[in-house]
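Asks: Below are the C-alpha cells for one structure; questions will follow.
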Amino acid sequence: MRNLNSPSLTLSRGALRDGMASAGWPPSLIADAELAMVELIVNAWRHGKTISPVILIDHRVTTLRVSVSDRSPLPPEQPRDLPLLSESGRGLQLVAGLTHRWGVDPQHLGKTVWFELMRERCR
C-alpha cells in the first residue's frame, strides 16, 4: 500500500501505473484505473477544496483499491442527467463505468471516495 500526499497527477499516475504493471495487470485496466483515479483527485481539488488530497493505492492479488480523501464533509453529487453540451458533471459516471464499484466513506475530517477494479472484470 502506498500513501501519496502530493497533489501531483504525474506522481500519482506513475505510482499507480508502475505498481499495476509490475503486478501484471493488463494495459487496458491500467488505463481505466489511471483515468478513474485522476477524476477522483480532480474532484478532491475542485469540489473538496483540498490542495493535497491523501491518495491510497492498495494492490491485492485480484483487486485494486484506490482511495482519495479530502477535507470536505459534503458527499459527491449523485450522477444525474445533464444537457448534452454540459462541460462537467459526468466524472462519477465515468468512474462507475470504468471500475467494478465505487463508494464514499465519511471521515472525522472530510470523506474518502474510493473505487475498486477487479483483474478479471468483464467488459
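Please note that chains go A, B, ... in the order of the C-alpha cells, that every chain numbers its residues from 1, and that ligands are numbered from 1 in the order shown.
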Please report, as a PyMOL selection string, each residue of chain A to which DSSP assigns alpha helix (DSSP H) when run on this structure's backbone.
Replies: chain A and resi 9-22+27-46+91-98
Asks: If you run DSSP over the backbone, which residues in chain A end up strand (DSSP E)? Put them as number ranges by chain.
Replies: A: 2-4, 54-59, 63-70, 101-107, 110-118
Asks: Please produce a file of those selected residues containing N, CA, C and O atoms, as a compact mmCIF listing (two decimals), in the first residue's frame.
Replies:
# COMPACT_ATOMS: atom_id res chain seq x y z
N ARG A 2 0.55 2.20 -0.82
CA ARG A 2 1.32 3.45 -0.88
C ARG A 2 0.45 4.60 -0.41
O ARG A 2 -0.73 4.65 -0.70
N ASN A 3 1.07 5.55 0.27
CA ASN A 3 0.37 6.77 0.69
C ASN A 3 1.06 7.92 -0.01
O ASN A 3 2.22 8.22 0.27
N LEU A 4 0.38 8.55 -0.93
CA LEU A 4 0.94 9.66 -1.70
C LEU A 4 0.26 10.94 -1.26
O LEU A 4 -0.92 11.12 -1.49
N VAL A 54 -5.17 12.99 0.19
CA VAL A 54 -4.42 11.78 0.52
C VAL A 54 -4.88 10.69 -0.43
O VAL A 54 -6.08 10.42 -0.56
N ILE A 55 -3.92 10.07 -1.09
CA ILE A 55 -4.22 9.04 -2.09
C ILE A 55 -3.62 7.72 -1.61
O ILE A 55 -2.42 7.64 -1.35
N LEU A 56 -4.46 6.72 -1.48
CA LEU A 56 -4.00 5.38 -1.11
C LEU A 56 -4.23 4.44 -2.28
O LEU A 56 -5.33 4.39 -2.84
N ILE A 57 -3.20 3.69 -2.63
CA ILE A 57 -3.28 2.71 -3.70
C ILE A 57 -2.99 1.36 -3.07
O ILE A 57 -1.89 1.13 -2.57
N ASP A 58 -3.97 0.48 -3.08
CA ASP A 58 -3.85 -0.82 -2.44
C ASP A 58 -3.96 -1.92 -3.50
O ASP A 58 -5.04 -2.12 -4.06
N HIS A 59 -2.84 -2.60 -3.77
CA HIS A 59 -2.81 -3.68 -4.75
C HIS A 59 -3.01 -5.00 -4.02
O HIS A 59 -2.26 -5.32 -3.11
N THR A 63 -7.56 -7.62 -6.89
CA THR A 63 -8.32 -6.38 -6.72
C THR A 63 -7.38 -5.20 -6.49
O THR A 63 -6.41 -5.30 -5.76
N LEU A 64 -7.71 -4.11 -7.12
CA LEU A 64 -7.04 -2.83 -6.88
C LEU A 64 -8.05 -1.92 -6.21
O LEU A 64 -9.20 -1.83 -6.65
N ARG A 65 -7.63 -1.25 -5.14
CA ARG A 65 -8.49 -0.25 -4.50
C ARG A 65 -7.70 1.05 -4.43
O ARG A 65 -6.59 1.09 -3.92
N VAL A 66 -8.31 2.11 -4.94
CA VAL A 66 -7.73 3.45 -4.89
C VAL A 66 -8.68 4.33 -4.09
O VAL A 66 -9.88 4.36 -4.37
N SER A 67 -8.13 5.02 -3.09
CA SER A 67 -8.92 5.91 -2.23
C SER A 67 -8.33 7.30 -2.28
O SER A 67 -7.10 7.47 -2.21
N VAL A 68 -9.19 8.30 -2.36
CA VAL A 68 -8.77 9.70 -2.36
C VAL A 68 -9.57 10.41 -1.28
O VAL A 68 -10.80 10.44 -1.33
N SER A 69 -8.85 10.97 -0.31
CA SER A 69 -9.50 11.64 0.82
C SER A 69 -9.34 13.14 0.71
O SER A 69 -8.25 13.64 0.39
N ASP A 70 -10.43 13.86 0.98
CA ASP A 70 -10.37 15.32 1.01
C ASP A 70 -11.00 15.82 2.30
O ASP A 70 -11.48 15.04 3.11
N ARG A 101 -16.63 -1.18 -8.76
CA ARG A 101 -17.52 -0.49 -7.83
C ARG A 101 -16.79 0.70 -7.23
O ARG A 101 -15.57 0.78 -7.27
N TRP A 102 -17.59 1.61 -6.68
CA TRP A 102 -17.02 2.80 -6.04
C TRP A 102 -17.94 3.18 -4.89
O TRP A 102 -19.08 2.73 -4.79
N GLY A 103 -17.41 4.04 -4.00
CA GLY A 103 -18.23 4.48 -2.89
C GLY A 103 -17.59 5.65 -2.15
O GLY A 103 -16.53 6.14 -2.54
N VAL A 104 -18.27 6.05 -1.09
CA VAL A 104 -17.83 7.18 -0.29
C VAL A 104 -17.90 6.77 1.18
O VAL A 104 -18.91 6.22 1.62
N ASP A 105 -16.83 7.03 1.91
CA ASP A 105 -16.80 6.77 3.35
C ASP A 105 -16.59 8.10 4.07
O ASP A 105 -15.57 8.77 3.85
N PRO A 106 -17.53 8.50 4.93
CA PRO A 106 -17.32 9.71 5.72
C PRO A 106 -16.15 9.50 6.69
O PRO A 106 -15.94 8.39 7.17
N GLN A 107 -15.41 10.55 6.94
CA GLN A 107 -14.29 10.51 7.87
C GLN A 107 -14.51 11.57 8.95
O GLN A 107 -15.40 12.41 8.83
N GLY A 110 -13.75 15.27 6.81
CA GLY A 110 -13.91 15.11 5.37
C GLY A 110 -14.48 13.76 4.99
O GLY A 110 -15.31 13.19 5.69
N LYS A 111 -14.01 13.26 3.84
CA LYS A 111 -14.51 12.00 3.30
C LYS A 111 -13.43 11.32 2.47
O LYS A 111 -12.45 11.94 2.08
N THR A 112 -13.67 10.05 2.19
CA THR A 112 -12.82 9.29 1.28
C THR A 112 -13.71 8.73 0.19
O THR A 112 -14.71 8.07 0.46
N VAL A 113 -13.34 9.01 -1.05
CA VAL A 113 -14.02 8.44 -2.21
C VAL A 113 -13.08 7.38 -2.77
O VAL A 113 -11.89 7.62 -2.92
N TRP A 114 -13.60 6.21 -3.06
CA TRP A 114 -12.77 5.09 -3.48
C TRP A 114 -13.40 4.35 -4.66
O TRP A 114 -14.58 4.49 -4.93
N PHE A 115 -12.55 3.57 -5.32
CA PHE A 115 -13.05 2.63 -6.32
C PHE A 115 -12.25 1.35 -6.24
O PHE A 115 -11.12 1.34 -5.73
N GLU A 116 -12.85 0.29 -6.73
CA GLU A 116 -12.17 -0.99 -6.84
C GLU A 116 -12.26 -1.47 -8.28
O GLU A 116 -13.26 -1.26 -8.96
N LEU A 117 -11.18 -2.09 -8.68
CA LEU A 117 -11.10 -2.65 -10.04
C LEU A 117 -10.65 -4.10 -9.88
O LEU A 117 -9.70 -4.37 -9.16
N MET A 118 -11.36 -4.99 -10.52
CA MET A 118 -11.05 -6.42 -10.46
C MET A 118 -10.21 -6.79 -11.67
O MET A 118 -10.53 -6.39 -12.79
Asks: Compile the contact shell of stretch 25-32 of chain A as JSON, numbers by chain: residues with an atom at most 10 Å away, counting only C-alpha atoms, same-chain residues fewer than 3 positions apart removed.
Replies: {"A": [13, 16, 17, 18, 19, 20, 21, 22, 35, 36, 37, 61, 62, 64, 94, 95, 97, 98, 99, 117, 118, 119, 120, 121]}
Asks: To one decimal place, how far is atom CA of A:Ser72 from atom CA of A:Gly14 in Å?
Replies: 26.1 Å
Asks: Considering only C-alpha atoms, return as a ChimeraX atom specification whatever protein or nucleic-acid residues lie within 9 Å of stretch 42-47 of chain A, sequence-local ones (same chain, fewer than 2 positions apart) excluded.
Replies: /A:7,9,37-40,49-53,68-72,74,76,91,113
Asks: Please report the interatomic distance between atom CA of A:Ala15 and atom CA of A:Glu77 in Å with one decimal.
Replies: 28.0 Å
